[in-house]
file work-v2.tsv (TSV, C-alpha atoms and all ligand atoms)
chain	number	residue	atom	x	y	z
A	1	MET	CA	127.37	81.82	103.95
A	2	GLU	CA	127.73	78.05	103.94
A	3	ASP	CA	125.51	77.88	107.01
A	4	PHE	CA	122.83	79.81	105.23
A	5	TYR	CA	123.15	77.67	102.12
A	6	ASN	CA	122.90	74.41	104.06
A	7	LYS	CA	120.00	75.79	106.04
A	8	ILE	CA	117.89	76.51	102.95
A	9	ILE	CA	118.46	72.99	101.61
A	10	GLU	CA	117.34	71.64	104.98
A	11	ASN	CA	114.39	74.04	105.03
A	12	ASN	CA	113.22	72.66	101.72
A	13	LYS	CA	113.26	69.07	102.97
A	14	LYS	CA	111.31	70.05	106.08
A	15	TRP	CA	108.82	72.04	104.03
A	16	VAL	CA	108.12	69.08	101.74
A	17	GLU	CA	107.70	66.76	104.74
A	18	ASN	CA	105.38	69.13	106.60
A	19	THR	CA	103.34	69.93	103.53
A	20	LEU	CA	102.82	66.24	102.71
A	21	LYS	CA	101.89	65.52	106.33
A	22	LEU	CA	99.06	68.05	106.10
A	23	ASP	CA	98.04	67.20	102.55
A	24	PRO	CA	99.45	64.05	100.91
A	25	GLN	CA	98.09	65.10	97.47
A	26	TYR	CA	99.45	68.66	97.62
A	27	PHE	CA	102.20	68.39	94.98
A	28	GLU	CA	100.28	65.92	92.82
A	29	ARG	CA	97.50	68.49	92.55
A	30	LEU	CA	99.83	71.42	91.80
A	31	ALA	CA	101.63	69.38	89.14
A	32	LYS	CA	98.40	69.20	87.13
A	33	GLY	CA	98.63	72.87	86.17
A	34	GLN	CA	97.99	76.43	87.23
A	35	LYS	CA	95.03	78.79	86.93
A	36	PRO	CA	96.02	81.82	89.00
A	37	PRO	CA	93.50	84.70	89.05
A	38	LEU	CA	96.20	87.31	89.63
A	39	LEU	CA	99.34	88.69	88.01
A	40	TRP	CA	101.62	90.51	90.43
A	41	ILE	CA	104.15	93.02	89.13
A	42	GLY	CA	106.31	93.94	92.08
A	43	CYS	CA	109.73	95.17	93.15
A	44	ALA	CA	112.63	92.72	93.36
A	45	ASP	CA	113.22	93.92	96.95
A	46	SER	CA	113.70	90.90	99.25
A	47	ARG	CA	111.28	92.36	101.80
A	48	VAL	CA	108.29	92.35	99.49
A	49	PRO	CA	107.37	88.71	98.78
A	50	ALA	CA	104.15	88.62	96.74
A	51	ASN	CA	102.52	85.49	98.13
A	52	GLU	CA	103.18	86.08	101.83
A	53	ILE	CA	101.84	89.64	101.84
A	54	ILE	CA	98.45	88.63	100.49
A	55	GLY	CA	98.18	85.20	102.06
A	56	ALA	CA	98.22	83.48	98.68
A	57	GLN	CA	99.12	79.84	98.18
A	58	PRO	CA	101.33	78.40	95.42
A	59	GLY	CA	99.19	78.35	92.28
A	60	GLU	CA	97.34	81.57	93.08
A	61	VAL	CA	99.70	84.30	91.87
A	62	PHE	CA	101.66	84.67	88.63
A	63	VAL	CA	104.63	86.88	89.47
A	64	HIS	CA	106.94	89.29	87.70
A	65	ARG	CA	109.41	91.32	89.72
A	66	ASN	CA	112.07	93.84	88.76
A	67	ILE	CA	113.73	96.87	90.30
A	68	ALA	CA	111.03	99.38	91.28
A	69	ASN	CA	108.14	97.38	89.74
A	70	MET	CA	108.46	98.97	86.33
A	71	VAL	CA	106.27	98.35	83.27
A	72	ILE	CA	108.68	99.17	80.43
A	73	HIS	CA	107.06	98.65	77.05
A	74	THR	CA	110.26	97.28	75.43
A	75	ASP	CA	110.92	94.80	78.27
A	76	MET	CA	110.42	91.41	76.60
A	77	SER	CA	110.44	89.59	79.91
A	78	MET	CA	107.63	91.72	81.36
A	79	LEU	CA	105.66	91.64	78.09
A	80	SER	CA	105.97	87.86	77.86
A	81	VAL	CA	104.77	87.40	81.43
A	82	LEU	CA	101.89	89.83	80.81
A	83	ASP	CA	100.92	88.16	77.53
A	84	TYR	CA	100.93	84.70	79.06
A	85	ALA	CA	99.02	85.86	82.13
A	86	VAL	CA	96.33	87.71	80.17
A	87	ASN	CA	95.96	85.56	77.06
A	88	VAL	CA	96.67	82.05	78.31
A	89	LEU	CA	96.02	82.04	82.05
A	90	LYS	CA	93.23	84.64	81.70
A	91	VAL	CA	93.99	86.33	85.01
A	92	LYS	CA	91.23	88.60	86.28
A	93	HIS	CA	93.50	91.08	88.06
A	94	VAL	CA	96.91	92.63	87.56
A	95	ILE	CA	98.41	94.42	90.55
A	96	VAL	CA	101.41	96.72	90.28
A	97	CYS	CA	102.79	96.79	93.81
A	98	GLY	CA	105.44	99.29	94.82
A	99	HIS	CA	106.72	99.80	98.34
A	100	TYR	CA	107.82	102.61	100.60
A	101	GLY	CA	111.58	102.71	101.13
A	102	CYS	CA	112.24	101.49	97.59
A	103	GLY	CA	115.96	101.70	96.77
A	104	GLY	CA	115.24	102.11	93.05
A	105	ILE	CA	113.08	105.15	93.73
A	106	GLU	CA	115.66	106.61	96.10
A	107	ALA	CA	118.41	106.08	93.52
A	108	ALA	CA	116.33	107.89	90.89
A	109	MET	CA	116.28	110.97	93.14
A	110	THR	CA	120.06	111.18	93.35
A	111	ASN	CA	122.71	111.87	90.72
A	112	LYS	CA	125.25	109.24	91.68
A	113	SER	CA	126.13	106.67	89.01
A	114	ILE	CA	125.85	103.12	90.29
A	115	GLY	CA	126.69	101.26	87.08
A	116	LEU	CA	124.64	99.59	84.38
A	117	ILE	CA	121.54	99.95	86.53
A	118	ASP	CA	121.65	103.72	85.80
A	119	ASN	CA	119.98	102.87	82.50
A	120	TRP	CA	117.08	101.14	84.26
A	121	ILE	CA	116.81	103.89	86.87
A	122	ARG	CA	116.51	106.39	84.04
A	123	HIS	CA	112.97	105.16	83.41
A	124	ILE	CA	112.16	106.10	86.99
A	125	LYS	CA	113.77	109.51	86.55
A	126	ASN	CA	111.43	110.09	83.61
A	127	ILE	CA	108.51	109.67	86.02
A	128	TYR	CA	110.06	112.25	88.35
A	129	ARG	CA	110.29	114.70	85.47
A	130	VAL	CA	106.56	114.34	84.74
A	131	HIS	CA	105.67	115.04	88.39
A	132	LYS	CA	108.54	117.41	89.16
A	133	LYS	CA	106.30	120.28	90.21
A	134	GLU	CA	104.38	118.29	92.82
A	135	LEU	CA	107.45	116.44	94.10
A	136	ASP	CA	109.76	119.44	94.33
A	137	ASN	CA	107.11	121.19	96.41
A	138	ILE	CA	107.32	118.53	99.14
A	139	GLU	CA	110.10	119.71	101.43
A	140	ASP	CA	110.45	116.68	103.69
A	141	ILE	CA	112.66	114.27	101.81
A	142	SER	CA	111.05	111.08	103.13
A	143	GLU	CA	107.57	112.43	102.38
A	144	ARG	CA	108.75	113.34	98.90
A	145	THR	CA	110.19	109.87	98.40
A	146	ASN	CA	106.97	108.23	99.60
A	147	ARG	CA	104.91	110.31	97.20
A	148	PHE	CA	107.29	109.45	94.37
A	149	VAL	CA	106.81	105.75	95.18
A	150	GLU	CA	103.03	106.25	94.83
A	151	LEU	CA	103.23	108.32	91.64
A	152	ASN	CA	105.56	105.76	90.09
A	153	VAL	CA	103.06	102.97	90.76
A	154	ILE	CA	100.24	105.04	89.27
A	155	GLU	CA	102.31	105.70	86.13
A	156	GLN	CA	103.10	101.98	85.82
A	157	VAL	CA	99.38	101.18	85.97
A	158	TYR	CA	98.82	103.63	83.11
A	159	ASP	CA	101.73	102.06	81.23
A	160	LEU	CA	100.07	98.66	81.69
A	161	ALA	CA	96.82	100.06	80.30
A	162	LYS	CA	98.72	101.39	77.28
A	163	THR	CA	100.06	97.97	76.29
A	164	SER	CA	98.49	96.31	73.27
A	165	ILE	CA	98.01	93.21	75.44
A	166	VAL	CA	95.76	94.86	78.01
A	167	GLN	CA	93.89	96.99	75.45
A	168	ASN	CA	93.24	93.94	73.30
A	169	ALA	CA	91.81	92.08	76.31
A	170	TRP	CA	89.51	95.01	77.12
A	171	GLY	CA	88.57	95.29	73.45
A	172	THR	CA	87.28	91.73	73.49
A	173	ASN	CA	85.42	92.30	76.79
A	174	GLN	CA	87.75	90.11	78.79
A	175	ASP	CA	87.24	90.58	82.52
A	176	LEU	CA	90.51	92.25	83.53
A	177	THR	CA	91.09	94.88	86.19
A	178	ILE	CA	94.45	96.53	86.81
A	179	HIS	CA	95.34	98.00	90.19
A	180	GLY	CA	98.05	100.07	91.87
A	181	TRP	CA	99.23	99.26	95.40
A	182	VAL	CA	101.97	100.40	97.74
A	183	TYR	CA	103.28	98.11	100.47
A	184	GLY	CA	104.60	99.40	103.79
A	185	VAL	CA	107.83	97.57	104.57
A	186	ASP	CA	107.64	99.00	108.11
A	187	ASN	CA	104.08	97.85	108.91
A	188	GLY	CA	103.14	95.16	106.39
A	189	ILE	CA	100.07	97.07	105.25
A	190	VAL	CA	99.06	97.40	101.62
A	191	LYS	CA	97.51	100.64	100.34
A	192	ASP	CA	95.24	100.62	97.29
A	193	LEU	CA	96.04	103.85	95.42
A	194	GLY	CA	92.60	103.97	93.82
A	195	VAL	CA	93.72	103.43	90.24
A	196	ASN	CA	91.57	100.43	89.36
A	197	PHE	CA	90.91	100.30	85.61
A	198	LYS	CA	88.57	97.85	83.85
A	199	ASN	CA	88.67	99.59	80.47
A	200	ASP	CA	90.57	102.21	78.48
A	201	SER	CA	88.41	105.18	79.53
A	202	GLN	CA	91.28	106.65	81.61
A	203	LEU	CA	93.74	106.56	78.72
A	204	ASP	CA	94.77	109.63	76.78
A	205	GLU	CA	93.24	109.46	73.31
A	206	VAL	CA	96.66	109.20	71.65
A	207	TYR	CA	97.36	105.84	73.36
A	208	LYS	CA	94.08	104.15	72.44
A	209	LEU	CA	94.37	101.32	69.95
A	210	ASP	CA	91.67	100.21	67.53
A	211	PHE	CA	91.69	96.52	66.72
B	1	CO	CO	111.97	98.49	95.65
call {"tool": "encode", "arguments": {"input": "work-v2.tsv", "output": "structure tokens", "more": "lines below"}}
Ligand code: CO
result
Amino acid sequence: MEDFYNKIIENNKKWVENTLKLDPQYFERLAKGQKPPLLWIGCADSRVPANEIIGAQPGEVFVHRNIANMVIHTDMSMLSVLDYAVNVLKVKHVIVCGHYGCGGIEAAMTNKSIGLIDNWIRHIKNIYRVHKKELDNIEDISERTNRFVELNVIEQVYDLAKTSIVQNAWGTNQDLTIHGWVYGVDNGIVKDLGVNFKNDSQLDEVYKLDF
């Protein structure tokens, strides 16, 4: 524990030294501000670090992470990040990135109580209920879990599209595309699930907002 703690402090010193060796103005430039083109909504899982996966540098990705990359419309933290990203930073893309082997998804498929987190996992269970027919028909449990990971991401992309923030941006012709990805923890590869929305045409009528 202490070894690990001391190591990360050391790592930071080395990182600053190496970075300045390669680019003496690196931090000066970053300190001037950020204009990232991308908002990443990902899982809190330690194996899915946004920047590394896509080869992005500091300053290129605005990041929000929670358990199972959920877009919950009463989550003030997510909404605040989304609002700032869309309305102030004017990001061009929002990616919801789930991952195979997601513990949150696995937990949602069981009945065991694991504490307060049950109340967060319940949102994921709601997604299962919507797709129960398809999922229950997949016999292999790991295949079923993988499909659930994908369906959850797709639902989160729709939930993003339903927010007043995203609809307002589209309503004012802001260039904003939202995407759904799944990351393979076992091979590092990202899969685009093909839900790439630039407007509200995919939304059920009942969710569309007039401004
Ligand atoms: Co996860």
call {"tool": "residues_around", "arguments": {"input": "work-v2.tsv", "residues": "Gln174 (chain A)", "least_positions_apart": "6", "cutoff": "10 Å", "atoms": "all atoms listed in the file", "output": "list in words"}}
result
Val86, Asn87, Lys90, Val91, Lys92, Val166, Gln167, Asn168, Lys198 and Asn199 of chain A
call {"tool": "residues_around", "arguments": {"input": "work-v2.tsv", "residues": "Val16 (chain A)", "least_positions_apart": "6", "cutoff": "12 Å", "atoms": "all atoms listed in the file", "output": "list of chain:residue names"}}
result
A:Ile9, A:Glu10, A:Leu22, A:Asp23, A:Pro24, A:Gln25, A:Tyr26, A:Phe27
call {"tool": "residues_near_ligand", "arguments": {"input": "work-v2.tsv", "ligand": "ligand CO 1 (chain B)", "cutoff": "8 Å", "atoms": "only C-alpha atoms and all ligand atoms", "output": "list in words"}}
result
Cys43, Ala44, Asp45, Ile67, Ala68, Asn69, Gly98, His99, Tyr100, Gly101, Cys102, Gly103, Gly104 and Ile105 of chain A
call {"tool": "residues_around", "arguments": {"input": "work-v2.tsv", "residues": "Val157 (chain A)", "least_positions_apart": "2", "cutoff": "8 Å", "atoms": "only C-alpha atoms", "output": "list in words"}}
result
Val71, Val96, Val153, Ile154, Glu155, Asp159, Leu160, Ala161, Ile178, His179, Gly180 and Val195 of chain A
call {"tool": "atom_distance", "arguments": {"input": "work-v2.tsv", "atom1": "CA of Trp170 (chain A)", "atom2": "CA of Asn152 (chain A)"}}
result
23.3 Å
call {"tool": "atom_distance", "arguments": {"input": "work-v2.tsv", "atom1": "CA of Gly55 (chain A)", "atom2": "CA of Met78 (chain A)"}}
result
23.7 Å
call {"tool": "atom_distance", "arguments": {"input": "work-v2.tsv", "atom1": "CA of Glu52 (chain A)", "atom2": "CA of Gln156 (chain A)"}}
result
22.6 Å
call {"tool": "axis_aligned_box", "arguments": {"input": "work-v2.tsv", "around": "region 154-163 of chain A", "padding_each_side": "5 Å", "output": "AutoDock Vina command-line options"}}
result
--center_x 100.0 --center_y 101.8 --center_z 82.8 --size_x 16.3 --size_y 17.7 --size_z 23.0
call {"tool": "closest_residue", "arguments": {"input": "work-v2.tsv", "among": "A:Arg144, A:His123, A:Lys7, A:Arg129", "to": "Glu106 (chain A)", "atoms": "all atoms listed in the file"}}
result
A:Arg144
call {"tool": "residues_around", "arguments": {"input": "work-v2.tsv", "residues": "Gly188 (chain A)", "least_positions_apart": "2", "cutoff": "12 Å", "atoms": "all atoms listed in the file", "output": "VMD selection string"}}
result
chain A and resid 47 to 50 52 to 55 99 to 100 182 to 186 190 to 191
call {"tool": "closest_residue", "arguments": {"input": "work-v2.tsv", "among": "A:Leu135, A:Met109, A:Val61, A:Ile121", "to": "Ile41 (chain A)", "atoms": "only C-alpha atoms"}}
result
A:Val61
call {"tool": "closest_residue", "arguments": {"input": "work-v2.tsv", "among": "A:Asp3, A:Glu60, A:Asp175, A:Asp210", "to": "Leu38 (chain A)", "atoms": "all atoms listed in the file"}}
result
A:Glu60
call {"tool": "closest_residue", "arguments": {"input": "work-v2.tsv", "among": "A:Phe62, A:Phe4, A:Tyr128, A:Phe197", "to": "Asp83 (chain A)", "atoms": "only C-alpha atoms"}}
result
A:Phe62
call {"tool": "closest_residue", "arguments": {"input": "work-v2.tsv", "among": "A:Ile127, A:Gly59, A:Ser113, A:Asn137", "to": "Ala31 (chain A)", "atoms": "all atoms listed in the file"}}
result
A:Gly59
call {"tool": "closest_residue", "arguments": {"input": "work-v2.tsv", "among": "A:Ser46, A:Gln34, A:Asn51, A:Asn66", "to": "Ile117 (chain A)", "atoms": "only C-alpha atoms"}}
result
A:Asn66
